[in-house]
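Data block for coords23.csv (CSV, C-alpha atoms):
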chain,number,residue,atom,x,y,z
A,1,MET,CA,-134.4,216.7,50.6
A,2,ALA,CA,-135.4,213.3,49.3
A,3,GLY,CA,-134.1,211.7,52.5
A,4,ASN,CA,-136.3,214.0,54.6
A,5,MET,CA,-139.4,213.1,52.5
A,6,LYS,CA,-138.8,209.4,53.1
A,7,PHE,CA,-138.5,210.0,56.8
A,8,ILE,CA,-141.7,212.0,56.9
A,9,THR,CA,-143.5,209.3,54.9
A,10,ALA,CA,-142.4,206.6,57.2
A,11,PHE,CA,-143.3,208.6,60.2
A,12,LEU,CA,-146.9,209.2,58.9
A,13,ILE,CA,-147.3,205.5,58.1
A,14,ILE,CA,-146.2,204.5,61.7
A,15,ALA,CA,-148.6,207.2,63.1
A,16,LEU,CA,-151.5,205.9,61.1
A,17,ILE,CA,-150.9,202.3,62.2
A,18,SER,CA,-150.7,203.4,65.8
A,19,ILE,CA,-154.0,205.4,65.5
A,20,SER,CA,-155.7,202.4,63.8
A,21,SER,CA,-154.5,200.1,66.6
A,22,ALA,CA,-155.7,202.5,69.3
A,23,GLU,CA,-159.1,202.8,67.7
A,24,ALA,CA,-159.4,199.0,67.4
A,25,GLN,CA,-158.6,198.7,71.1
A,26,LYS,CA,-161.3,201.3,72.0
A,27,ARG,CA,-163.9,199.4,69.9
A,28,LYS,CA,-163.0,196.1,71.7
A,29,LYS,CA,-163.4,197.8,75.0
A,30,LYS,CA,-166.8,199.2,74.0
A,31,THR,CA,-168.2,196.0,72.5
A,32,ALA,CA,-166.8,193.6,75.1
A,33,PRO,CA,-169.7,192.2,77.2
A,34,PRO,CA,-169.7,193.2,80.9
A,35,ARG,CA,-168.4,190.5,83.2
A,36,ARG,CA,-171.1,189.0,85.4
A,37,PRO,CA,-170.4,188.2,89.0
A,38,PRO,CA,-170.2,184.5,89.8
A,39,ALA,CA,-173.6,182.9,90.6
A,40,VAL,CA,-174.3,182.4,94.2
A,41,LYS,CA,-176.0,179.0,95.0
A,42,LYS,CA,-179.1,179.6,97.1
A,43,GLU,CA,-180.1,177.0,99.6
A,44,PRO,CA,-183.8,175.9,99.4
A,45,VAL,CA,-185.9,177.4,102.0
A,46,LYS,CA,-187.2,174.8,104.4
A,47,LEU,CA,-190.8,175.4,105.7
A,48,ASP,CA,-191.8,173.8,108.9
A,49,PRO,CA,-195.2,171.9,108.8
A,50,PRO,CA,-198.1,173.7,110.4
A,51,ARG,CA,-198.0,173.1,114.2
A,52,ILE,CA,-201.7,173.3,114.6
A,53,ILE,CA,-202.4,170.1,112.7
A,54,GLY,CA,-202.8,167.2,115.1
A,55,SER,CA,-203.7,169.5,118.0
A,56,GLN,CA,-206.9,169.2,120.0
A,57,VAL,CA,-209.6,171.7,119.1
A,58,VAL,CA,-213.0,172.8,120.4
A,59,ILE,CA,-215.4,174.0,117.7
A,60,THR,CA,-218.6,175.9,118.5
A,61,THR,CA,-221.2,176.0,115.7
A,62,LYS,CA,-223.6,178.8,115.1
A,63,ASN,CA,-226.5,176.8,116.4
A,64,GLY,CA,-224.7,176.3,119.8
A,65,ASP,CA,-223.2,172.8,119.3
A,66,THR,CA,-219.8,172.0,120.7
A,67,ILE,CA,-217.5,169.5,118.9
A,68,ARG,CA,-214.2,168.4,120.3
A,69,GLY,CA,-211.5,166.4,118.4
A,70,GLU,CA,-208.1,166.2,116.8
A,71,LEU,CA,-207.5,168.7,113.9
A,72,LEU,CA,-206.7,166.8,110.7
A,73,ASP,CA,-206.9,169.7,108.1
A,74,LEU,CA,-207.8,173.3,108.0
A,75,SER,CA,-208.6,175.1,104.7
A,76,ALA,CA,-210.2,178.3,103.6
A,77,TYR,CA,-213.6,176.5,103.4
A,78,SER,CA,-213.8,173.8,106.0
A,79,VAL,CA,-212.3,172.1,109.1
A,80,LYS,CA,-211.6,168.4,109.2
A,81,LEU,CA,-211.2,166.6,112.5
A,82,ARG,CA,-211.3,163.2,114.2
A,83,SER,CA,-213.7,162.7,117.1
A,84,ASP,CA,-214.4,159.3,118.7
A,85,LYS,CA,-212.4,157.5,116.0
A,86,LEU,CA,-214.7,159.1,113.3
A,87,GLU,CA,-213.6,161.8,110.8
A,88,SER,CA,-215.9,164.6,109.8
A,89,THR,CA,-215.7,167.9,107.8
A,90,ILE,CA,-217.4,171.0,109.1
A,91,ALA,CA,-217.9,174.0,106.8
A,92,LEU,CA,-216.4,177.3,108.1
A,93,GLU,CA,-219.6,179.2,107.4
A,94,THR,CA,-221.4,177.1,110.1
A,95,ILE,CA,-218.7,177.7,112.8
A,96,SER,CA,-218.9,180.6,115.2
A,97,ALA,CA,-215.7,179.9,117.2
A,98,ILE,CA,-212.6,177.6,117.2
A,99,SER,CA,-210.3,177.3,120.2
A,100,PHE,CA,-207.2,175.1,120.5
A,101,GLY,CA,-206.9,172.8,123.4
A,102,SER,CA,-209.3,170.5,125.1
A,103,ALA,CA,-210.5,172.9,127.8
A,104,VAL,CA,-214.0,174.3,127.5
A,105,SER,CA,-214.9,177.6,129.0
A,106,PRO,CA,-217.8,177.9,131.6
A,107,VAL,CA,-219.8,179.8,129.0
A,108,GLU,CA,-219.5,176.9,126.5
A,109,SER,CA,-220.4,174.3,129.1
A,110,ALA,CA,-223.5,176.3,130.1
A,111,LYS,CA,-224.9,176.3,126.5
A,112,PRO,CA,-227.7,173.9,126.1
A,113,VAL,CA,-227.2,171.2,123.5
A,114,PRO,CA,-230.2,171.1,121.0
A,115,SER,CA,-232.0,167.9,120.8
A,116,PRO,CA,-232.5,166.1,117.5
A,117,LYS,CA,-235.7,166.6,115.7
A,118,PRO,CA,-238.5,164.1,116.4
A,119,GLU,CA,-238.5,163.1,112.7
A,120,PHE,CA,-234.8,162.3,112.9
A,121,ALA,CA,-235.3,160.1,116.0
A,122,ARG,CA,-237.8,158.0,114.1
A,123,ASP,CA,-235.6,157.8,111.0
A,124,ALA,CA,-232.5,156.9,113.1
A,125,ASP,CA,-234.5,154.2,114.9
A,126,GLN,CA,-235.4,152.6,111.5
A,127,MET,CA,-231.7,153.0,110.4
A,128,ILE,CA,-230.5,151.1,113.5
A,129,ARG,CA,-233.0,148.3,112.8
A,130,ALA,CA,-231.6,148.1,109.3
A,131,LEU,CA,-228.1,147.9,110.8
A,132,LEU,CA,-229.1,145.1,113.1
A,133,VAL,CA,-230.6,143.1,110.2
A,134,ILE,CA,-227.4,143.1,108.2
A,135,SER,CA,-225.3,142.6,111.3
A,136,SER,CA,-227.2,139.4,112.1
A,137,GLY,CA,-226.6,138.2,108.5
A,138,ALA,CA,-222.9,139.1,108.5
A,139,LYS,CA,-221.6,136.2,110.6
A,140,ALA,CA,-219.3,133.2,110.1
A,141,GLY,CA,-220.9,130.8,107.7
A,142,ALA,CA,-223.0,133.4,105.9
A,143,ASP,CA,-223.9,132.8,102.3
A,144,TYR,CA,-222.3,135.0,99.7
A,145,THR,CA,-225.4,135.5,97.7
A,146,ASP,CA,-227.6,136.2,100.7
A,147,TYR,CA,-225.1,138.7,102.1
A,148,GLY,CA,-225.2,140.5,98.7
A,149,HIS,CA,-229.0,140.9,99.0
A,150,LEU,CA,-228.7,142.1,102.6
A,151,LEU,CA,-226.1,144.7,101.6
A,152,ALA,CA,-228.2,145.9,98.7
A,153,ASP,CA,-231.2,146.5,100.9
A,154,PHE,CA,-229.1,148.1,103.6
A,155,ARG,CA,-227.4,150.4,101.0
A,156,ARG,CA,-230.8,151.8,99.8
A,157,GLN,CA,-231.9,152.6,103.3
A,158,ALA,CA,-228.5,154.0,104.4
A,159,GLU,CA,-228.1,156.3,101.3
A,160,ARG,CA,-231.6,157.8,101.8
A,161,PHE,CA,-230.8,158.5,105.5
A,162,ILE,CA,-227.4,160.0,104.6
A,163,GLU,CA,-228.8,162.2,101.9
A,164,LYS,CA,-231.6,163.4,104.1
A,165,TYR,CA,-229.4,164.4,107.1
A,166,SER,CA,-225.9,165.0,105.6
A,167,GLN,CA,-226.3,168.8,105.8
A,168,SER,CA,-227.6,168.8,109.4
A,169,GLU,CA,-225.9,171.2,111.8
A,170,ASN,CA,-227.1,169.3,114.8
A,171,THR,CA,-224.2,167.4,116.5
A,172,THR,CA,-226.1,164.2,117.2
A,173,GLU,CA,-227.6,164.1,113.7
A,174,ALA,CA,-224.3,164.7,112.0
A,175,ARG,CA,-222.4,162.1,114.1
A,176,THR,CA,-225.1,159.5,113.4
A,177,VAL,CA,-224.8,160.1,109.7
A,178,ALA,CA,-221.1,159.7,109.9
A,179,ILE,CA,-221.5,156.4,111.8
A,180,VAL,CA,-224.0,155.0,109.3
A,181,SER,CA,-221.8,156.1,106.4
A,182,GLY,CA,-218.8,154.3,108.1
A,183,ALA,CA,-220.8,151.1,108.6
A,184,LEU,CA,-221.9,151.1,105.0
A,185,THR,CA,-218.3,151.4,103.9
A,186,ASP,CA,-217.3,148.5,106.2
A,187,TYR,CA,-220.0,146.2,104.9
A,188,THR,CA,-219.2,147.2,101.2
A,189,TRP,CA,-215.5,146.6,101.7
A,190,ALA,CA,-216.2,143.1,103.2
A,191,ARG,CA,-218.3,142.2,100.1
A,192,THR,CA,-215.6,143.3,97.7
A,193,ILE,CA,-212.9,141.4,99.6
A,194,TRP,CA,-215.2,138.3,99.6
A,195,THR,CA,-215.5,138.6,95.8
A,196,LEU,CA,-211.7,138.8,95.5
A,197,LYS,CA,-211.4,135.6,97.5
A,198,LEU,CA,-213.9,133.8,95.3
A,199,GLY,CA,-212.0,135.0,92.2
A,200,SER,CA,-208.6,133.8,93.3
A,201,ASP,CA,-207.1,130.5,92.2
A,202,GLY,CA,-207.4,128.7,95.5
A,203,ASP,CA,-205.6,131.4,97.5
A,204,SER,CA,-207.8,132.5,100.4
A,205,SER,CA,-205.5,135.3,101.4
A,206,VAL,CA,-205.4,138.9,100.2
A,207,SER,CA,-202.9,141.8,100.3
A,208,ALA,CA,-202.9,145.6,99.9
A,209,SER,CA,-201.5,145.1,96.4
A,210,ASP,CA,-204.5,143.0,95.3
A,211,SER,CA,-207.0,145.9,95.4
A,212,PRO,CA,-207.3,149.5,96.6
A,213,VAL,CA,-210.2,148.3,98.8
A,214,VAL,CA,-207.8,146.0,100.8
A,215,ALA,CA,-205.2,148.8,101.0
A,216,ASP,CA,-207.8,151.3,102.3
A,217,ALA,CA,-209.3,148.8,104.8
A,218,LEU,CA,-205.8,148.0,106.3
A,219,SER,CA,-204.9,151.7,106.3
A,220,LEU,CA,-208.0,152.7,108.2
A,221,TYR,CA,-207.9,149.7,110.6
A,222,PRO,CA,-204.2,148.8,111.1
A,223,ASP,CA,-205.1,146.4,113.9
A,224,LEU,CA,-206.5,144.1,111.2
A,225,ARG,CA,-203.1,143.7,109.6
A,226,ALA,CA,-201.3,140.4,109.7
A,227,SER,CA,-197.6,139.8,110.5
A,228,GLY,CA,-196.8,139.1,106.9
A,229,ASP,CA,-197.8,140.8,103.6
A,230,ARG,CA,-200.9,138.7,103.1
A,231,ILE,CA,-203.9,138.2,105.4
A,232,PRO,CA,-206.6,135.5,105.3
A,233,ALA,CA,-209.6,137.0,103.5
A,234,ASP,CA,-212.0,135.5,106.0
A,235,ARG,CA,-210.2,137.2,108.9
A,236,LEU,CA,-210.3,140.6,107.2
A,237,ILE,CA,-214.0,140.2,106.3
A,238,GLY,CA,-214.8,139.2,109.8
A,239,GLY,CA,-212.8,142.1,111.1
A,240,LEU,CA,-214.7,144.6,109.0
A,241,TRP,CA,-218.0,143.1,110.2
A,242,LYS,CA,-216.8,143.6,113.7
A,243,LYS,CA,-215.9,147.3,113.1
A,244,ALA,CA,-219.4,147.8,111.6
A,245,ALA,CA,-221.0,146.2,114.6
A,246,GLU,CA,-219.1,148.6,116.9
A,247,LYS,CA,-220.6,151.5,115.0
A,248,ILE,CA,-224.1,150.2,115.6
A,249,GLU,CA,-223.5,150.4,119.3
A,250,GLN,CA,-222.2,154.0,118.9
A,251,ALA,CA,-225.3,155.0,116.9
A,252,ARG,CA,-227.6,153.4,119.5
A,253,SER,CA,-225.9,155.3,122.3
A,254,LEU,CA,-226.5,158.6,120.4
A,255,VAL,CA,-230.2,158.3,119.6
A,256,LYS,CA,-231.4,156.4,122.7
Would you encode the structure as structure tokens?
Amino acid sequence: MAGNMKFITAFLIIALISISSAEAQKRKKKTAPPRRPPAVKKEPVKLDPPRIIGSQVVITTKNGDTIRGELLDLSAYSVKLRSDKLESTIALETISAISFGSAVSPVESAKPVPSPKPEFARDADQMIRALLVISSGAKAGADYTDYGHLLADFRRQAERFIEKYSQSENTTEARTVAIVSGALTDYTWARTIWTLKLGSDGDSSVSASDSPVVADALSLYPDLRASGDRIPADRLIGGLWKKAAEKIEQARSLVK
């Protein structure tokens, strides 16, 4: 009888150990975190640049003007294009139609182009006279101080003209404003580069790293660059004066 009791006791102990082990295994299975699938490396999506940028466009404004040029940028508010080597920005609210390509429909070509206002013609004539005055003073051998006075007088007249007609929707008026603004920039850059030359220690050359003005001038007019990193300051100044003089002829052809 005693032997049977020992056997039963041993059996119960083994059974309890087995049950505890089984319960522990179940808890491990329940608490073990789920296995995640291996991460898949995603290749970045490559977006092609807009194909319309750089194409030729024809813009018709609400007042009937037609503007042709190369599309530089298109946003939700405006269109930026280059026409006759000049850049301009046109608000979308003033545009009635945009077509891609240089062709113009018979309907567009039949639309009359509105003439500038008589007041604009008078102001533009005075502006061209002011351009001729500074152009005559911007020549080889010009005095630095005298040129500074000429530029100050020209800037006052140009800024009044630009402010007065900068919002015009007339093609001739808008293009003349852009030309005058460009000429003012050329003459101002020339003055800044001249100042850099005078402030250098005997070095009469400049480079794009010397000033943002030099970098901007060489970026806008790459034909003024030299073969090396540096360019003679007098050459760059004279080149900017020449670019401004070309704009005078463009303005005269528009308002004649």
Correct to one decimal, the distance atom CA of A:Gly148-atom CA of A:Ala190 is 10.4 Å
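What separates atom CA of A:Ile59 from atom CA of A:Lys80 is a distance of 10.9 Å.
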What's the 7 Å shell around stretch 64-69 of chain A, counting all atoms listed in the file, without same-chain residues fewer than 5 positions away, as a PDB file with C-alpha atoms, keeping the file's coordinate frame?
ATOM      1  CA  GLN A  56    -206.900 169.200 120.000  1.00  0.00           C
ATOM      2  CA  VAL A  57    -209.600 171.700 119.100  1.00  0.00           C
ATOM      3  CA  VAL A  58    -213.000 172.800 120.400  1.00  0.00           C
ATOM      4  CA  ILE A  59    -215.400 174.000 117.700  1.00  0.00           C
ATOM      5  CA  LEU A  81    -211.200 166.600 112.500  1.00  0.00           C
ATOM      6  CA  ARG A  82    -211.300 163.200 114.200  1.00  0.00           C
ATOM      7  CA  SER A  83    -213.700 162.700 117.100  1.00  0.00           C
ATOM      8  CA  LYS A 111    -224.900 176.300 126.500  1.00  0.00           C
ATOM      9  CA  VAL A 113    -227.200 171.200 123.500  1.00  0.00           C
ATOM     10  CA  ASN A 170    -227.100 169.300 114.800  1.00  0.00           C
ATOM     11  CA  THR A 171    -224.200 167.400 116.500  1.00  0.00           C
TER      12      THR A 171
END
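With all atoms listed in the file as the atoms that count, the minimum distance from A:Ser166 to the choices A:Ser55, A:Gln250, A:Thr89, A:Ser200 is reached by A:Thr89.
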Could you tell me which of A:Ser168, A:Lys85, A:Gly141, A:Ser253 comes closest to A:Thr61 if we count all atoms listed in the file?
A:Ser168
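Separating atom CA of A:Ala124 from atom CA of A:Asp216 is a distance of 27.5 Å.
Nearest residue to A:Ala183, choosing from A:Ala158, A:Ile95, A:Ala215, A:Leu150 and counting only C-alpha atoms: A:Ala158.
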Do you know which residues lie at most 9 Å from (-222.6, 143.3, 101.4), with coordinates as in the file and only C-alpha atoms counted, and could you write them as number ranges by chain?
A: 134, 138, 144, 146-152, 154-155, 184, 186-192
Take the residues from that selection and write them out as a PDB file, in the coordinates of the input, keeping C-alpha atoms.
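Written file, selection_5.pdb:
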ATOM      1  CA  ILE A 134    -227.400 143.100 108.200  1.00  0.00           C
ATOM      2  CA  ALA A 138    -222.900 139.100 108.500  1.00  0.00           C
ATOM      3  CA  TYR A 144    -222.300 135.000  99.700  1.00  0.00           C
ATOM      4  CA  ASP A 146    -227.600 136.200 100.700  1.00  0.00           C
ATOM      5  CA  TYR A 147    -225.100 138.700 102.100  1.00  0.00           C
ATOM      6  CA  GLY A 148    -225.200 140.500  98.700  1.00  0.00           C
ATOM      7  CA  HIS A 149    -229.000 140.900  99.000  1.00  0.00           C
ATOM      8  CA  LEU A 150    -228.700 142.100 102.600  1.00  0.00           C
ATOM      9  CA  LEU A 151    -226.100 144.700 101.600  1.00  0.00           C
ATOM     10  CA  ALA A 152    -228.200 145.900  98.700  1.00  0.00           C
ATOM     11  CA  PHE A 154    -229.100 148.100 103.600  1.00  0.00           C
ATOM     12  CA  ARG A 155    -227.400 150.400 101.000  1.00  0.00           C
ATOM     13  CA  LEU A 184    -221.900 151.100 105.000  1.00  0.00           C
ATOM     14  CA  ASP A 186    -217.300 148.500 106.200  1.00  0.00           C
ATOM     15  CA  TYR A 187    -220.000 146.200 104.900  1.00  0.00           C
ATOM     16  CA  THR A 188    -219.200 147.200 101.200  1.00  0.00           C
ATOM     17  CA  TRP A 189    -215.500 146.600 101.700  1.00  0.00           C
ATOM     18  CA  ALA A 190    -216.200 143.100 103.200  1.00  0.00           C
ATOM     19  CA  ARG A 191    -218.300 142.200 100.100  1.00  0.00           C
ATOM     20  CA  THR A 192    -215.600 143.300  97.700  1.00  0.00           C
TER      21      THR A 192
END
Identify, on the basis of only C-alpha atoms, every residue whose closest approach to A:Val180 does not exceed 8 Å; exclude the query and any residue fewer than 4 positions from it along the same chain; express the result as a list in words.
Ala158, Ile162, Thr176, Leu184, Lys247, Ile248 and Ala251 of chain A
Would you mind putting back N, CA and C atoms on stretch 234-252 of chain A, then writing it out as a short mmCIF file (atom, residue, chain, number, x, y, z; two decimals), in the frame of the given file?
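Below is the file that was written, result-v1.cif:
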data_model
loop_
_atom_site.label_atom_id
_atom_site.label_comp_id
_atom_site.auth_asym_id
_atom_site.auth_seq_id
_atom_site.Cartn_x
_atom_site.Cartn_y
_atom_site.Cartn_z
N ASP A 234 -210.96 135.67 105.04
CA ASP A 234 -212.00 135.50 106.00
C ASP A 234 -211.77 136.32 107.28
N ARG A 235 -210.52 136.39 107.66
CA ARG A 235 -210.20 137.20 108.90
C ARG A 235 -210.43 138.66 108.62
N LEU A 236 -210.07 139.16 107.45
CA LEU A 236 -210.30 140.60 107.20
C LEU A 236 -211.77 140.88 107.02
N ILE A 237 -212.52 139.99 106.39
CA ILE A 237 -214.00 140.20 106.30
C ILE A 237 -214.62 140.21 107.66
N GLY A 238 -214.24 139.24 108.49
CA GLY A 238 -214.80 139.20 109.80
C GLY A 238 -214.41 140.44 110.65
N GLY A 239 -213.19 140.94 110.44
CA GLY A 239 -212.80 142.10 111.10
C GLY A 239 -213.58 143.36 110.74
N LEU A 240 -213.89 143.47 109.45
CA LEU A 240 -214.70 144.60 109.00
C LEU A 240 -216.13 144.49 109.52
N TRP A 241 -216.67 143.28 109.59
CA TRP A 241 -218.00 143.10 110.20
C TRP A 241 -218.01 143.54 111.63
N LYS A 242 -216.94 143.22 112.34
CA LYS A 242 -216.80 143.60 113.70
C LYS A 242 -216.78 145.12 113.90
N LYS A 243 -216.01 145.79 113.02
CA LYS A 243 -215.90 147.30 113.10
C LYS A 243 -217.30 147.88 112.82
N ALA A 244 -218.05 147.29 111.89
CA ALA A 244 -219.40 147.80 111.60
C ALA A 244 -220.32 147.61 112.80
N ALA A 245 -220.20 146.45 113.45
CA ALA A 245 -221.00 146.20 114.60
C ALA A 245 -220.74 147.18 115.75
N GLU A 246 -219.49 147.57 115.90
CA GLU A 246 -219.10 148.60 116.90
C GLU A 246 -219.80 149.91 116.61
N LYS A 247 -219.92 150.24 115.35
CA LYS A 247 -220.60 151.50 115.00
C LYS A 247 -222.06 151.45 115.28
N ILE A 248 -222.64 150.27 115.21
CA ILE A 248 -224.10 150.20 115.60
C ILE A 248 -224.28 150.55 117.01
N GLU A 249 -223.40 150.09 117.89
CA GLU A 249 -223.50 150.40 119.30
C GLU A 249 -223.32 151.93 119.52
N GLN A 250 -222.42 152.54 118.75
CA GLN A 250 -222.20 154.00 118.90
C GLN A 250 -223.48 154.73 118.45
N ALA A 251 -224.11 154.29 117.38
CA ALA A 251 -225.30 155.00 116.90
C ALA A 251 -226.45 154.80 117.91
N ARG A 252 -226.57 153.62 118.49
CA ARG A 252 -227.60 153.40 119.50
C ARG A 252 -227.44 154.28 120.70
#
